[in-house]
Amino acid sequence: MRTLGIGVERNEVKVLILDTAEAAIDRSAGILLDAVRQKPTAVLGLATGATMLPLYDKLIARHLAEGISFAQVTTFNLDEYIGLAPDHVCAYHHYMRKALFDRIDIDMRCTHLPRGDAPDPVAEAEAYEQRIAAAGGIDLQLLGIGRNGHIGFNEPTSSLASRTRIKTLTDDTRRANAPYFDSLDDTPRFAITIGLGTILASKACLMVATGAAKAQAVAMMVEGSISSACPATALQMHPQVTVVLDRAAATDLTLVNYYEHVHPKGAGSEYG
Ligand code: PGA
């Protein structure tokens, strides 16, 4: 059976459905660790959000148990809020340190997020895109999905060819993130996000979605028509995407029987 890591050409969106969120998280952690095992100098694209917290916990536990080192890994996060300094408690810089970086053997100099407090956010976005290119591009891009189909902060109507830039957040996204801030009014209106074109240029993508609130967006992403109205549908044009779901997030998929036939309990198939 072939591995699910980087470097295996597939040309399909692979849908792995696990019975529980815990199993989906464990499967996703395994895919990330396989990528580092195969390429200890891997460039990982990382994500934030509630879905990723148990995933990073699992990654840390398995990194320790399986002795897989992140010492040579480079990371680039998807996005950061404009206006927040790295030590702001709601900044994704802060999130990443607490959730992952301070708890593994990664070299902090090899971790990257856009600076939300950069004096010139436009220049910061362009420089971030160049930093990704200078690192040789992203080997494996981890992604969550917003209820509105965003990936990173590529909100609906993002160009499918977009690169790292400033995006205005939708009200829906601001409401979803407001619980982390003092009030909706305090929730940032702008973010620097890597683009859909940047994500499509990664060598492989791993999307993780759990819970019924994501079912509609997941169905659009996997089975809907490609449209900037649901930015995640851009992934249908990527040659190597793995989507790991729990059963609740898979509820609205039409071809669920097919996915389970090809990948019983989320296993790899003979041909990847
Ligand atoms: P969540 O965010 O994991 O907090 O649901 C995902 C996203 O909006 O990309």
# chains A, B, ... in the order shown; residues from 1 in each chain; ligands from 1

$ select_by_dssp --residues "region 42-159 of chain A" --states "strand (DSSP E or B)" --output "PDB file with N, CA and C atoms, in the first residue's frame"
ATOM      1  N   VAL A  43       8.861  21.723   3.810  1.00  0.00           N
ATOM      2  CA  VAL A  43       8.278  23.050   4.031  1.00  0.00           C
ATOM      3  C   VAL A  43       6.776  22.823   4.219  1.00  0.00           C
ATOM      4  N   LEU A  44       6.300  23.051   5.433  1.00  0.00           N
ATOM      5  CA  LEU A  44       4.888  22.815   5.746  1.00  0.00           C
ATOM      6  C   LEU A  44       4.122  24.128   5.744  1.00  0.00           C
ATOM      7  N   GLY A  45       2.962  24.134   5.106  1.00  0.00           N
ATOM      8  CA  GLY A  45       2.041  25.260   5.217  1.00  0.00           C
ATOM      9  C   GLY A  45       1.096  24.955   6.361  1.00  0.00           C
ATOM     10  N   LEU A  46       1.009  25.837   7.350  1.00  0.00           N
ATOM     11  CA  LEU A  46       0.200  25.547   8.542  1.00  0.00           C
ATOM     12  C   LEU A  46      -1.023  26.449   8.637  1.00  0.00           C
ATOM     13  N   THR A  74      10.630  23.707   7.885  1.00  0.00           N
ATOM     14  CA  THR A  74      10.296  25.127   7.732  1.00  0.00           C
ATOM     15  C   THR A  74       8.780  25.235   7.645  1.00  0.00           C
ATOM     16  N   THR A  75       8.206  26.273   8.241  1.00  0.00           N
ATOM     17  CA  THR A  75       6.746  26.426   8.175  1.00  0.00           C
ATOM     18  C   THR A  75       6.356  27.832   7.713  1.00  0.00           C
ATOM     19  N   PHE A  76       5.243  27.877   7.012  1.00  0.00           N
ATOM     20  CA  PHE A  76       4.611  29.144   6.631  1.00  0.00           C
ATOM     21  C   PHE A  76       3.141  29.051   6.995  1.00  0.00           C
ATOM     22  N   ASN A  77       2.665  29.949   7.816  1.00  0.00           N
ATOM     23  CA  ASN A  77       1.225  29.955   8.116  1.00  0.00           C
ATOM     24  C   ASN A  77       0.439  30.663   7.027  1.00  0.00           C
ATOM     25  N   ASP A  79      -2.101  32.843   7.315  1.00  0.00           N
ATOM     26  CA  ASP A  79      -2.659  34.193   7.436  1.00  0.00           C
ATOM     27  C   ASP A  79      -2.404  34.804   8.811  1.00  0.00           C
ATOM     28  N   GLU A  80      -2.666  36.078   8.895  1.00  0.00           N
ATOM     29  CA  GLU A  80      -2.579  36.810  10.171  1.00  0.00           C
ATOM     30  C   GLU A  80      -3.500  38.025  10.079  1.00  0.00           C
ATOM     31  N   TYR A  81      -4.065  38.410  11.211  1.00  0.00           N
ATOM     32  CA  TYR A  81      -4.917  39.600  11.282  1.00  0.00           C
ATOM     33  C   TYR A  81      -4.089  40.869  11.168  1.00  0.00           C
ATOM     34  N   THR A 111      10.157  29.340  11.269  1.00  0.00           N
ATOM     35  CA  THR A 111       8.695  29.458  11.272  1.00  0.00           C
ATOM     36  C   THR A 111       8.312  30.843  10.761  1.00  0.00           C
ATOM     37  N   HIS A 112       7.295  30.908   9.939  1.00  0.00           N
ATOM     38  CA  HIS A 112       6.926  32.185   9.326  1.00  0.00           C
ATOM     39  C   HIS A 112       5.421  32.408   9.390  1.00  0.00           C
ATOM     40  N   LEU A 140       3.696  20.555   1.720  1.00  0.00           N
ATOM     41  CA  LEU A 140       2.378  20.073   2.159  1.00  0.00           C
ATOM     42  C   LEU A 140       1.649  21.214   2.859  1.00  0.00           C
ATOM     43  N   GLN A 141       0.509  21.596   2.309  1.00  0.00           N
ATOM     44  CA  GLN A 141      -0.274  22.700   2.852  1.00  0.00           C
ATOM     45  C   GLN A 141      -1.448  22.161   3.647  1.00  0.00           C
ATOM     46  N   LEU A 142      -1.459  22.421   4.938  1.00  0.00           N
ATOM     47  CA  LEU A 142      -2.578  22.056   5.801  1.00  0.00           C
ATOM     48  C   LEU A 142      -3.649  23.139   5.703  1.00  0.00           C
ATOM     49  N   LEU A 143      -4.914  22.715   5.604  1.00  0.00           N
ATOM     50  CA  LEU A 143      -6.012  23.665   5.426  1.00  0.00           C
ATOM     51  C   LEU A 143      -7.218  23.271   6.265  1.00  0.00           C
ATOM     52  N   ILE A 151     -10.653  29.298   2.363  1.00  0.00           N
ATOM     53  CA  ILE A 151      -9.438  28.611   2.820  1.00  0.00           C
ATOM     54  C   ILE A 151      -8.395  29.708   3.036  1.00  0.00           C
ATOM     55  N   ASN A 154      -9.047  33.560   2.260  1.00  0.00           N
ATOM     56  CA  ASN A 154      -9.521  33.823   0.907  1.00  0.00           C
ATOM     57  C   ASN A 154     -11.045  33.738   0.928  1.00  0.00           C
TER      58      ASN A 154
END

$ closest_atom_pairs --of "chain A" --to "ligand 1" --cutoff "9 Å" --atoms "only C-alpha atoms and all ligand atoms" --output "CSV"
residue,atom,partner,partner_atom_place_in_ligand_line,distance
A:Ala47,CA,ligand 1,9 (O),7.6
A:Thr48,CA,ligand 1,3 (O),6.7
A:Gly49,CA,ligand 1,4 (O),3.5
A:Ala50,CA,ligand 1,4 (O),3.8
A:Thr51,CA,ligand 1,3 (O),3.7
A:Met52,CA,ligand 1,3 (O),6.0
A:Leu53,CA,ligand 1,3 (O),8.3
A:Leu143,CA,ligand 1,9 (O),6.9
A:Gly144,CA,ligand 1,9 (O),4.3
A:Ile145,CA,ligand 1,9 (O),4.0
A:Gly146,CA,ligand 1,8 (O),3.6
A:Arg147,CA,ligand 1,8 (O),6.8
A:Asn148,CA,ligand 1,8 (O),8.3
A:Gly149,CA,ligand 1,9 (O),8.2
A:His150,CA,ligand 1,9 (O),6.3
A:Ile151,CA,ligand 1,9 (O),5.3
A:Gly152,CA,ligand 1,9 (O),5.7
A:Phe153,CA,ligand 1,9 (O),7.2
A:Thr173,CA,ligand 1,8 (O),7.1
A:Ala176,CA,ligand 1,4 (O),7.6
A:Asn177,CA,ligand 1,4 (O),7.5
A:Val208,CA,ligand 1,3 (O),8.5
A:Ala209,CA,ligand 1,3 (O),7.4
A:Thr210,CA,ligand 1,5 (O),8.2
A:Gly211,CA,ligand 1,5 (O),8.9
A:Ala213,CA,ligand 1,5 (O),8.4
A:Lys214,CA,ligand 1,5 (O),7.7

$ residues_around --residues "Ala232 (chain A)" --least-positions-apart "6" --cutoff "12 Å" --atoms "only C-alpha atoms" --output "MDAnalysis selection string"
chainID A and resid 13 143:160 195:197 199:200 205 207 216:226 238 241 243

$ residues_around --residues "Phe70 (chain A)" --least-positions-apart "5" --cutoff "10 Å" --atoms "only C-alpha atoms" --output "tab-separated table (two decimals) with all heavy atoms, in the first residue's frame"
chain	number	residue	atom	x	y	z
A	33	LEU	N	2.92	13.70	9.76
A	33	LEU	CA	4.15	13.08	10.25
A	33	LEU	C	4.82	12.26	9.15
A	33	LEU	O	6.05	12.23	9.05
A	33	LEU	CB	3.86	12.21	11.48
A	33	LEU	CG	3.53	12.99	12.74
A	33	LEU	CD1	3.01	12.08	13.84
A	33	LEU	CD2	4.75	13.77	13.25
A	36	VAL	N	6.92	14.55	7.09
A	36	VAL	CA	8.19	14.92	7.72
A	36	VAL	C	9.14	13.72	7.75
A	36	VAL	O	10.36	13.87	7.59
A	36	VAL	CB	7.94	15.49	9.14
A	36	VAL	CG1	9.25	15.82	9.84
A	36	VAL	CG2	7.06	16.73	9.05
A	37	ARG	N	8.57	12.54	7.94
A	37	ARG	CA	9.39	11.33	7.93
A	37	ARG	C	10.06	11.16	6.56
A	37	ARG	O	11.25	10.88	6.46
A	37	ARG	CB	8.49	10.12	8.24
A	37	ARG	CG	9.22	8.93	8.80
A	37	ARG	CD	8.27	7.78	9.09
A	37	ARG	NE	7.67	7.81	10.40
A	37	ARG	CZ	6.35	7.88	10.64
A	37	ARG	NH1	5.49	7.96	9.64
A	37	ARG	NH2	5.90	7.89	11.87
A	40	PRO	N	12.66	15.21	5.95
A	40	PRO	CA	12.88	15.93	7.22
A	40	PRO	C	13.04	17.44	7.03
A	40	PRO	O	12.85	18.20	7.98
A	40	PRO	CB	14.17	15.29	7.76
A	40	PRO	CG	14.21	13.94	7.12
A	40	PRO	CD	13.62	14.09	5.76
A	41	THR	N	13.38	17.89	5.82
A	41	THR	CA	13.52	19.33	5.56
A	41	THR	C	12.24	19.89	4.92
A	41	THR	O	12.29	20.93	4.26
A	41	THR	CB	14.70	19.60	4.61
A	41	THR	OG1	14.47	18.86	3.39
A	41	THR	CG2	16.03	19.18	5.22
A	42	ALA	N	11.12	19.22	5.11
A	42	ALA	CA	9.86	19.63	4.46
A	42	ALA	C	9.50	21.08	4.79
A	42	ALA	O	9.77	21.57	5.89
A	42	ALA	CB	8.73	18.70	4.91
A	63	HIS	N	4.69	12.97	17.70
A	63	HIS	CA	6.08	13.39	17.43
A	63	HIS	C	6.98	12.88	18.56
A	63	HIS	O	8.06	12.36	18.32
A	63	HIS	CB	6.09	14.92	17.29
A	63	HIS	CG	7.22	15.66	17.92
A	63	HIS	ND1	8.46	15.75	17.35
A	63	HIS	CD2	7.29	16.38	19.07
A	63	HIS	CE1	9.25	16.49	18.13
A	63	HIS	NE2	8.56	16.87	19.17
A	75	THR	N	8.21	26.27	8.24
A	75	THR	CA	6.75	26.43	8.18
A	75	THR	C	6.36	27.83	7.71
A	75	THR	O	7.06	28.81	7.99
A	75	THR	CB	6.08	26.18	9.55
A	75	THR	OG1	6.47	27.22	10.46
A	75	THR	CG2	6.45	24.83	10.13
A	101	PHE	N	4.51	25.50	18.27
A	101	PHE	CA	5.95	25.78	18.15
A	101	PHE	C	6.70	25.63	19.47
A	101	PHE	O	7.84	25.14	19.49
A	101	PHE	CB	6.18	27.18	17.57
A	101	PHE	CG	5.68	27.37	16.17
A	101	PHE	CD1	5.31	28.64	15.73
A	101	PHE	CD2	5.58	26.31	15.28
A	101	PHE	CE1	4.87	28.85	14.43
A	101	PHE	CE2	5.11	26.51	13.98
A	101	PHE	CZ	4.76	27.78	13.55
A	104	ILE	N	7.42	21.68	20.35
A	104	ILE	CA	8.18	20.74	19.51
A	104	ILE	C	9.59	21.29	19.32
A	104	ILE	O	9.89	22.41	19.73
A	104	ILE	CB	7.50	20.48	18.14
A	104	ILE	CG1	7.30	21.79	17.38
A	104	ILE	CG2	6.17	19.74	18.33
A	104	ILE	CD1	6.76	21.60	15.96
A	105	ASP	N	10.43	20.48	18.66
A	105	ASP	CA	11.85	20.87	18.53
A	105	ASP	C	12.11	21.70	17.29
A	105	ASP	O	13.20	21.65	16.72
A	105	ASP	CB	12.73	19.61	18.54
A	105	ASP	CG	12.46	18.69	17.35
A	105	ASP	OD1	11.38	18.83	16.71
A	105	ASP	OD2	13.30	17.84	17.04
A	106	ILE	N	11.13	22.50	16.87
A	106	ILE	CA	11.31	23.30	15.66
A	106	ILE	C	12.22	24.50	15.95
A	106	ILE	O	12.25	24.99	17.08
A	106	ILE	CB	9.94	23.74	15.09
A	106	ILE	CG1	10.08	24.15	13.63
A	106	ILE	CG2	9.32	24.88	15.93
A	106	ILE	CD1	8.75	24.14	12.87
A	107	ASP	N	12.96	24.93	14.94
A	107	ASP	CA	13.79	26.14	15.04
A	107	ASP	C	12.89	27.33	14.73
A	107	ASP	O	12.41	27.47	13.61
A	107	ASP	CB	14.94	26.02	14.03
A	107	ASP	CG	15.86	27.23	14.05
A	107	ASP	OD1	15.50	28.26	14.66
A	107	ASP	OD2	16.94	27.14	13.44

$ residues_around --residues "Glu12 (chain A)" --least-positions-apart "6" --cutoff "9 Å" --atoms "only C-alpha atoms" --output "PyMOL selection string"
chain A and resi 236-242

$ residues_around --residues "Ile17 (chain A)" --least-positions-apart "3" --cutoff "6 Å" --atoms "only C-alpha atoms" --output "compact mmCIF listing (two decimals) with all heavy atoms, in the first residue's frame"
# COMPACT_ATOMS: atom_id res chain seq x y z
N LEU A 245 -12.19 13.85 6.76
CA LEU A 245 -13.46 14.27 7.35
C LEU A 245 -13.89 13.31 8.45
O LEU A 245 -13.59 12.11 8.38
CB LEU A 245 -14.56 14.26 6.28
CG LEU A 245 -14.28 15.03 5.00
CD1 LEU A 245 -15.36 14.73 3.96
CD2 LEU A 245 -14.19 16.52 5.29
N ASP A 246 -14.63 13.83 9.40
CA ASP A 246 -15.38 12.92 10.26
C ASP A 246 -16.76 12.74 9.59
O ASP A 246 -17.08 13.39 8.59
CB ASP A 246 -15.48 13.43 11.70
CG ASP A 246 -16.32 14.69 11.84
OD1 ASP A 246 -16.71 15.28 10.82
OD2 ASP A 246 -16.58 15.09 13.00
N GLY A 266 -11.19 5.34 5.71
CA GLY A 266 -10.15 6.34 5.49
C GLY A 266 -8.78 5.76 5.17
O GLY A 266 -7.77 6.47 5.24

$ atom_distance --atom1 "CA of Ala204 (chain A)" --atom2 "CA of Arg27 (chain A)"
15.9 Å

$ atom_distance --atom1 "CA of Leu55 (chain A)" --atom2 "CA of Met96 (chain A)"
12.3 Å

$ closest_residue --among "A:Glu66, A:Asp171, A:Ser162, A:Ala267" --to "Asp185 (chain A)" --atoms "only C-alpha atoms"
A:Asp171

$ closest_residue --among "A:Ala24, A:Ala118, A:Ala133, A:Ile194" --to "Leu206 (chain A)" --atoms "only C-alpha atoms"
A:Ala24

$ select_by_dssp --residues "region 33-142 of chain A" --states "alpha helix (DSSP H)" --output "ChimeraX atom specification"
/A:33-38,52-66,92-99,121-134

$ residues_around --residues "His263 (chain A)" --least-positions-apart "6" --cutoff "8 Å" --atoms "only C-alpha atoms" --output "list in words"
Val15, Leu16, Ile17 and Ser269 of chain A

$ decode --residues "region 178-189 of chain A" --atoms "all heavy atoms" --output "compact mmCIF listing (two decimals), in the first residue's frame"
# COMPACT_ATOMS: atom_id res chain seq x y z
N ALA A 178 -15.34 36.12 16.38
CA ALA A 178 -15.60 37.09 17.45
C ALA A 178 -15.44 36.49 18.86
O ALA A 178 -14.98 37.20 19.77
CB ALA A 178 -16.97 37.73 17.29
N PRO A 179 -15.81 35.21 19.10
CA PRO A 179 -15.67 34.68 20.46
C PRO A 179 -14.25 34.75 21.01
O PRO A 179 -14.05 34.73 22.23
CB PRO A 179 -16.13 33.22 20.32
CG PRO A 179 -17.02 33.22 19.13
CD PRO A 179 -16.48 34.26 18.20
N TYR A 180 -13.25 34.84 20.13
CA TYR A 180 -11.87 34.93 20.60
C TYR A 180 -11.50 36.35 21.03
O TYR A 180 -10.49 36.57 21.68
CB TYR A 180 -10.90 34.47 19.50
CG TYR A 180 -11.16 33.05 19.04
CD1 TYR A 180 -11.76 32.78 17.83
CD2 TYR A 180 -10.80 31.97 19.85
CE1 TYR A 180 -12.01 31.48 17.42
CE2 TYR A 180 -11.03 30.66 19.46
CZ TYR A 180 -11.64 30.43 18.24
OH TYR A 180 -11.88 29.15 17.84
N PHE A 181 -12.33 37.32 20.63
CA PHE A 181 -12.05 38.73 20.93
C PHE A 181 -13.05 39.22 21.99
O PHE A 181 -14.00 38.51 22.33
CB PHE A 181 -12.15 39.57 19.66
CG PHE A 181 -11.07 39.24 18.65
CD1 PHE A 181 -11.23 38.19 17.77
CD2 PHE A 181 -9.88 39.97 18.63
CE1 PHE A 181 -10.21 37.86 16.87
CE2 PHE A 181 -8.87 39.66 17.73
CZ PHE A 181 -9.04 38.60 16.85
N ASP A 182 -12.86 40.45 22.45
CA ASP A 182 -13.74 40.99 23.49
C ASP A 182 -15.15 41.21 22.95
O ASP A 182 -16.13 41.08 23.68
CB ASP A 182 -13.18 42.31 24.03
CG ASP A 182 -11.98 42.06 24.94
OD1 ASP A 182 -11.85 40.91 25.40
OD2 ASP A 182 -11.18 42.99 25.15
N SER A 183 -15.24 41.57 21.68
CA SER A 183 -16.55 41.84 21.08
C SER A 183 -16.40 41.76 19.56
O SER A 183 -15.28 41.73 19.03
CB SER A 183 -17.02 43.24 21.46
OG SER A 183 -16.18 44.20 20.83
N LEU A 184 -17.54 41.76 18.87
CA LEU A 184 -17.51 41.75 17.40
C LEU A 184 -16.79 43.00 16.89
O LEU A 184 -16.05 42.96 15.91
CB LEU A 184 -18.94 41.67 16.84
CG LEU A 184 -19.08 41.59 15.32
CD1 LEU A 184 -18.34 40.38 14.74
CD2 LEU A 184 -20.55 41.55 14.91
N ASP A 185 -17.00 44.09 17.59
CA ASP A 185 -16.38 45.35 17.20
C ASP A 185 -14.86 45.28 17.27
O ASP A 185 -14.16 45.93 16.49
CB ASP A 185 -16.88 46.46 18.14
CG ASP A 185 -17.26 47.69 17.35
OD1 ASP A 185 -17.75 47.52 16.22
OD2 ASP A 185 -17.02 48.80 17.88
N ASP A 186 -14.35 44.48 18.21
CA ASP A 186 -12.89 44.34 18.37
C ASP A 186 -12.29 43.34 17.38
O ASP A 186 -11.07 43.19 17.32
CB ASP A 186 -12.56 43.85 19.79
CG ASP A 186 -12.71 44.97 20.81
OD1 ASP A 186 -12.55 46.14 20.41
OD2 ASP A 186 -13.00 44.66 21.98
N THR A 187 -13.14 42.61 16.68
CA THR A 187 -12.64 41.57 15.76
C THR A 187 -12.10 42.24 14.50
O THR A 187 -12.80 43.07 13.91
CB THR A 187 -13.79 40.60 15.41
OG1 THR A 187 -14.39 40.15 16.63
CG2 THR A 187 -13.29 39.40 14.63
N PRO A 188 -10.87 41.90 14.12
CA PRO A 188 -10.27 42.60 12.99
C PRO A 188 -11.10 42.50 11.71
O PRO A 188 -11.84 41.54 11.49
CB PRO A 188 -8.93 41.88 12.82
CG PRO A 188 -8.61 41.34 14.16
CD PRO A 188 -9.92 40.96 14.75
N ARG A 189 -10.95 43.54 10.89
CA ARG A 189 -11.68 43.60 9.61
C ARG A 189 -10.83 43.17 8.44
O ARG A 189 -11.36 42.90 7.36
CB ARG A 189 -12.16 45.04 9.38
CG ARG A 189 -13.26 45.43 10.34
CD ARG A 189 -13.68 46.88 10.21
NE ARG A 189 -14.98 47.09 10.81
CZ ARG A 189 -15.22 47.09 12.12
NH1 ARG A 189 -14.24 46.90 12.95
NH2 ARG A 189 -16.44 47.27 12.60
